[in-house]
Each structure stands twice: as structure tokens, then as C-alpha cells.
Amino acid sequence: MATQNAGPRLSFEVFPPNSQVGVDKLTGTLDELKGLDPSFISVTCSNHKLDYAKTTIDLAKYVHEKLDCPTMVHMPAAYVTKKEVSHILDQLELMHIDQILALRGDIVDGFTPETDFKYASDLTKFIKQQKPNFHISGAAYPETHPDSKNRIDDIVHLKQKVDAGCDQLITQLFYDNDEFYRFQEECAISGINVPILAGIMPVVNRKQALHVVENCHATLPKKFIAILDKYKDNPVALKEAGIAYAVDQIVDLVTNDVDGIHLYTMNKSDTAKHIYNNTASLFNLESASPIAD
């Protein structure tokens, strides 16, 4: 288990590429991310028919063994059985990887879910029973999970997830910090007292922003919409403005004592480096020296 230092830390998310070219590019990206001293790097997986051997597990093994970096493995509950999870947990334990992000995962058209785990809380409880020493993170939605009836219902289910054994929460991306602070207050009132890491994804192009609105149900504040409109025909300026907006979010969050920042990198090290260079001194890092772009 990764040692938790005092003060907020910066962590990164990467995803397994679909091609060997993508793998080669990601190897370089990971080498650069390691130099940013993350508290951990999380590795995603597909939502269905998990091929851990060729994707998530292999990538997690590279991050942990080759980069000597604390590693977290994503595990969606919907498309795995108890037998498969037990095998995966044994694999991870042999690799000395003991951090898991337990998710329900999206229900994908054309793929019938398994029945062993209906919710992420079911998976969390099972992992804790099988490997009590594992550190389990859970997903949280500052602006409410799309499948929840309302915010109260969402917090109730989140409390069940924490009670099942989640050691910390990592939020879905958001662009309005007030939504996050309201979510923090709701968690505190409900007795959810585990660390909550804020998920930040810099929007660096207009297509990505539209995708965020459509699929992630994240509110885009007027300030950010103005950026998209003003620089819609200037991709370089839009990227710079998007990164600057993310930096402003992080400064505000750290100033208000956030437990940590989890950066959705989209496998782009240049964006992560830019943000690191503008925020490193805010975090409890061994070295806050700028990294050359």
C-alpha cells in the first residue's frame, strides 16, 4: 500500500491503448509522468469482457515494476464473476499491487452483465473479505450519478459503498468547484468521512468539451463556455486556456484543503507536465522543481 503523506497529493489516470503504436507512445508518457512524483497512477480498463492479461494488468505491472510507482487498478463490477475477481486479486497480490478502484461500470449494449455483483458496493465488500489489506477506492459524482433518482439517493448509495469498505473516494471530473464543495458538505452531513480526491480533466479541444457535456453530465460554467466560444477557431489558444482553467481549479481546491487531485491525463504527458509546473509548490512533493516541457 502506498504511504500517505501529509497534505494533498497529485495522482494520474491512464488507459490501456488499443494498438501497439499506442502502447509505445504511452510508455514514453508514463516515463515522463513518473518524473512528476505522483502519489499513484491508476490504470483503467474496458467496461465489459475484461481482458486483464493483455491490457490493464500488463500496464499496471509496467507502472509498478518498471517505473517503481504506486499503482491502482480499475475493476468494474458489472462484467466479472467472483471467481474471476478472486483470480485477479491473487495476480495483483503476487505483483505487490494492492490498490483497486472498485466501480460498477457502464452497462454496454449487446453485452449481458454478470450477476455476482450488482453494485460497486457488492464488489467492494467482496474484495475486503478476500484481501483485507487491499486499499479500495470508490467513484463519486459531485453532480450526481446519472442513474440516481436524485442527490439524496446518490449520497445514500455512496454511504453504502463507503460502509462496504471504501478507503477513499475519487470523483468524476467536474468544472464547477462550487459543485464539489457542496458535495463535500453533503458527504460530511451523511457521515462519509473518508478522503475525497477531486477528479480534474483539462479540456484541451472543443470536441472533447462537447463529449464531456454529453457523456459525463458535467456542468460547464459560463466562464468556461466563454473560453470555448472565444477560441473555437484557435486550437492552440483553446488548449492553453483549458489548461489554465484546470490550474485555477486546482489552486482553488488545494487552497480549500482538498484531500488530493486526481488528474485524468488522457495519456498526454505534456498537459500533465504543464499543470505540474504551475501547481507543484502547492502539493506535499519531495521536489517542486519545474519540469522542462
# chains A, B, ... in the order shown; residues from 1 in each chain; ligands from 1
call {"tool": "residues_around", "arguments": {"residues": "range 233-245 of chain A", "least_positions_apart": "2", "cutoff": "6 Å", "atoms": "only C-alpha atoms", "output": "count of residues only"}}
result
6
call {"tool": "closest_residue", "arguments": {"among": "A:Gly110, A:Gly165, A:Met201, A:Asp90", "to": "Lys268 in chain A", "atoms": "only C-alpha atoms"}}
result
A:Met201
call {"tool": "residues_around", "arguments": {"residues": "Leu10 in chain A", "least_positions_apart": "4", "cutoff": "12 Å", "atoms": "only C-alpha atoms", "output": "MDAnalysis selection string"}}
result
chainID A and resid 4:5 33:34 36:42 197:200 250 253:254 258:265 272:273 275:276 279:285 288
call {"tool": "closest_residue", "arguments": {"among": "A:His145, A:Thr44, A:Phe134, A:Asn193", "to": "Gln168 in chain A", "atoms": "only C-alpha atoms"}}
result
A:Asn193
call {"tool": "atom_distance", "arguments": {"atom1": "CA of Met75 in chain A", "atom2": "CA of Gly7 in chain A"}}
result
27.2 Å
call {"tool": "select_by_dssp", "arguments": {"residues": "range 37-279 of chain A", "states": "helix (DSSP H, G or I)", "output": "number ranges by chain"}}
result
A: 56-66, 82-94, 120-130, 151-163, 177-189, 206-216, 222-230, 235-255, 269-279
call {"tool": "select_by_dssp", "arguments": {"residues": "range 33-234 of chain A", "states": "strand (DSSP E or B)", "output": "list in words"}}
result
Ile41, Ser42, Val43, Thr71, Met72, Val73, His74, Met75, Pro76, Gln99, Ile100, Leu101, Ala102, Leu103, His135, Ile136, Ser137, Gly138, Ala139, Ala140, Gln168, Leu169, Ile170, Thr171, Ile196, Leu197, Ala198, Gly199 and Ile200 of chain A
call {"tool": "write_last_selection", "arguments": {"atoms": "N, CA and C atoms", "output": "mmCIF file, in the first residue's frame"}}
result
data_model
loop_
_atom_site.group_PDB
_atom_site.id
_atom_site.type_symbol
_atom_site.label_atom_id
_atom_site.label_comp_id
_atom_site.auth_asym_id
_atom_site.auth_seq_id
_atom_site.Cartn_x
_atom_site.Cartn_y
_atom_site.Cartn_z
ATOM 1 N N ILE A 41 -0.475 6.101 -9.857
ATOM 2 C CA ILE A 41 -1.021 6.153 -11.213
ATOM 3 C C ILE A 41 -2.094 5.079 -11.300
ATOM 4 N N SER A 42 -3.294 5.466 -11.712
ATOM 5 C CA SER A 42 -4.369 4.491 -11.853
ATOM 6 C C SER A 42 -4.478 4.058 -13.318
ATOM 7 N N VAL A 43 -4.831 2.787 -13.508
ATOM 8 C CA VAL A 43 -4.922 2.192 -14.840
ATOM 9 C C VAL A 43 -6.358 1.747 -15.072
ATOM 10 N N THR A 71 0.612 1.896 -7.837
ATOM 11 C CA THR A 71 -0.303 1.636 -8.942
ATOM 12 C C THR A 71 -1.681 1.248 -8.432
ATOM 13 N N MET A 72 -2.706 1.797 -9.083
ATOM 14 C CA MET A 72 -4.087 1.456 -8.770
ATOM 15 C C MET A 72 -4.727 0.836 -10.004
ATOM 16 N N VAL A 73 -5.466 -0.252 -9.819
ATOM 17 C CA VAL A 73 -6.122 -0.958 -10.922
ATOM 18 C C VAL A 73 -7.628 -0.737 -10.852
ATOM 19 N N HIS A 74 -8.224 -0.318 -11.965
ATOM 20 C CA HIS A 74 -9.678 -0.175 -12.037
ATOM 21 C C HIS A 74 -10.310 -1.560 -12.202
ATOM 22 N N MET A 75 -11.456 -1.765 -11.553
ATOM 23 C CA MET A 75 -12.170 -3.033 -11.676
ATOM 24 C C MET A 75 -13.676 -2.788 -11.695
ATOM 25 N N PRO A 76 -14.309 -2.788 -12.875
ATOM 26 C CA PRO A 76 -15.772 -2.660 -12.941
ATOM 27 C C PRO A 76 -16.459 -3.957 -12.515
ATOM 28 N N GLN A 99 -3.859 -1.671 -4.595
ATOM 29 C CA GLN A 99 -4.813 -0.569 -4.701
ATOM 30 C C GLN A 99 -5.787 -0.853 -5.847
ATOM 31 N N ILE A 100 -7.083 -0.760 -5.565
ATOM 32 C CA ILE A 100 -8.121 -1.029 -6.558
ATOM 33 C C ILE A 100 -9.167 0.080 -6.521
ATOM 34 N N LEU A 101 -9.580 0.522 -7.698
ATOM 35 C CA LEU A 101 -10.737 1.405 -7.823
ATOM 36 C C LEU A 101 -11.917 0.530 -8.217
ATOM 37 N N ALA A 102 -12.818 0.303 -7.260
ATOM 38 C CA ALA A 102 -13.964 -0.581 -7.485
ATOM 39 C C ALA A 102 -15.133 0.222 -8.047
ATOM 40 N N LEU A 103 -15.586 -0.174 -9.233
ATOM 41 C CA LEU A 103 -16.649 0.531 -9.941
ATOM 42 C C LEU A 103 -17.779 -0.431 -10.296
ATOM 43 N N HIS A 135 -6.232 -1.681 -0.428
ATOM 44 C CA HIS A 135 -6.731 -0.320 -0.284
ATOM 45 C C HIS A 135 -7.716 -0.074 -1.432
ATOM 46 N N ILE A 136 -8.996 0.146 -1.095
ATOM 47 C CA ILE A 136 -10.039 0.253 -2.117
ATOM 48 C C ILE A 136 -10.547 1.682 -2.225
ATOM 49 N N SER A 137 -10.554 2.189 -3.454
ATOM 50 C CA SER A 137 -11.145 3.490 -3.747
ATOM 51 C C SER A 137 -12.494 3.280 -4.414
ATOM 52 N N GLY A 138 -13.366 4.262 -4.262
ATOM 53 C CA GLY A 138 -14.671 4.214 -4.907
ATOM 54 C C GLY A 138 -14.893 5.475 -5.729
ATOM 55 N N ALA A 139 -15.746 5.358 -6.734
ATOM 56 C CA ALA A 139 -16.071 6.505 -7.579
ATOM 57 C C ALA A 139 -17.173 7.338 -6.934
ATOM 58 N N ALA A 140 -17.083 8.652 -7.092
ATOM 59 C CA ALA A 140 -18.088 9.560 -6.550
ATOM 60 C C ALA A 140 -18.437 10.604 -7.608
ATOM 61 N N GLN A 168 -11.191 5.414 0.322
ATOM 62 C CA GLN A 168 -11.204 6.783 -0.156
ATOM 63 C C GLN A 168 -12.108 6.858 -1.379
ATOM 64 N N LEU A 169 -12.450 8.079 -1.792
ATOM 65 C CA LEU A 169 -13.290 8.301 -2.959
ATOM 66 C C LEU A 169 -12.541 9.152 -3.970
ATOM 67 N N ILE A 170 -12.776 8.877 -5.243
ATOM 68 C CA ILE A 170 -12.224 9.674 -6.340
ATOM 69 C C ILE A 170 -13.397 10.156 -7.172
ATOM 70 N N THR A 171 -13.499 11.461 -7.389
ATOM 71 C CA THR A 171 -14.679 11.976 -8.062
ATOM 72 C C THR A 171 -14.573 11.900 -9.582
ATOM 73 N N ILE A 196 -11.534 12.402 0.025
ATOM 74 C CA ILE A 196 -12.184 12.571 -1.282
ATOM 75 C C ILE A 196 -11.205 13.277 -2.216
ATOM 76 N N LEU A 197 -10.743 12.562 -3.243
ATOM 77 C CA LEU A 197 -9.844 13.147 -4.232
ATOM 78 C C LEU A 197 -10.672 13.775 -5.354
ATOM 79 N N ALA A 198 -10.298 14.968 -5.749
ATOM 80 C CA ALA A 198 -11.033 15.692 -6.787
ATOM 81 C C ALA A 198 -10.515 15.307 -8.170
ATOM 82 N N GLY A 199 -11.398 14.818 -9.020
ATOM 83 C CA GLY A 199 -11.009 14.430 -10.378
ATOM 84 C C GLY A 199 -11.051 15.614 -11.324
ATOM 85 N N ILE A 200 -9.917 15.906 -11.945
ATOM 86 C CA ILE A 200 -9.800 17.056 -12.843
ATOM 87 C C ILE A 200 -9.354 16.586 -14.227
#
call {"tool": "residues_around", "arguments": {"residues": "Glu179 in chain A", "least_positions_apart": "4", "cutoff": "10 Å", "atoms": "only C-alpha atoms", "output": "count of residues only"}}
result
10
call {"tool": "atom_distance", "arguments": {"atom1": "CA of Asp98 in chain A", "atom2": "CA of Ala60 in chain A"}}
result
11.1 Å
call {"tool": "closest_residue", "arguments": {"among": "A:Lys83, A:His211, A:Lys61, A:Arg104", "to": "Asp122 in chain A", "atoms": "only C-alpha atoms"}}
result
A:Arg104
call {"tool": "atom_distance", "arguments": {"atom1": "CA of Asn277 in chain A", "atom2": "CA of Phe12 in chain A"}}
result
14.8 Å
call {"tool": "closest_residue", "arguments": {"among": "A:Ile97, A:Val63, A:Cys216, A:Ala78", "to": "Glu114 in chain A", "atoms": "only C-alpha atoms"}}
result
A:Ala78
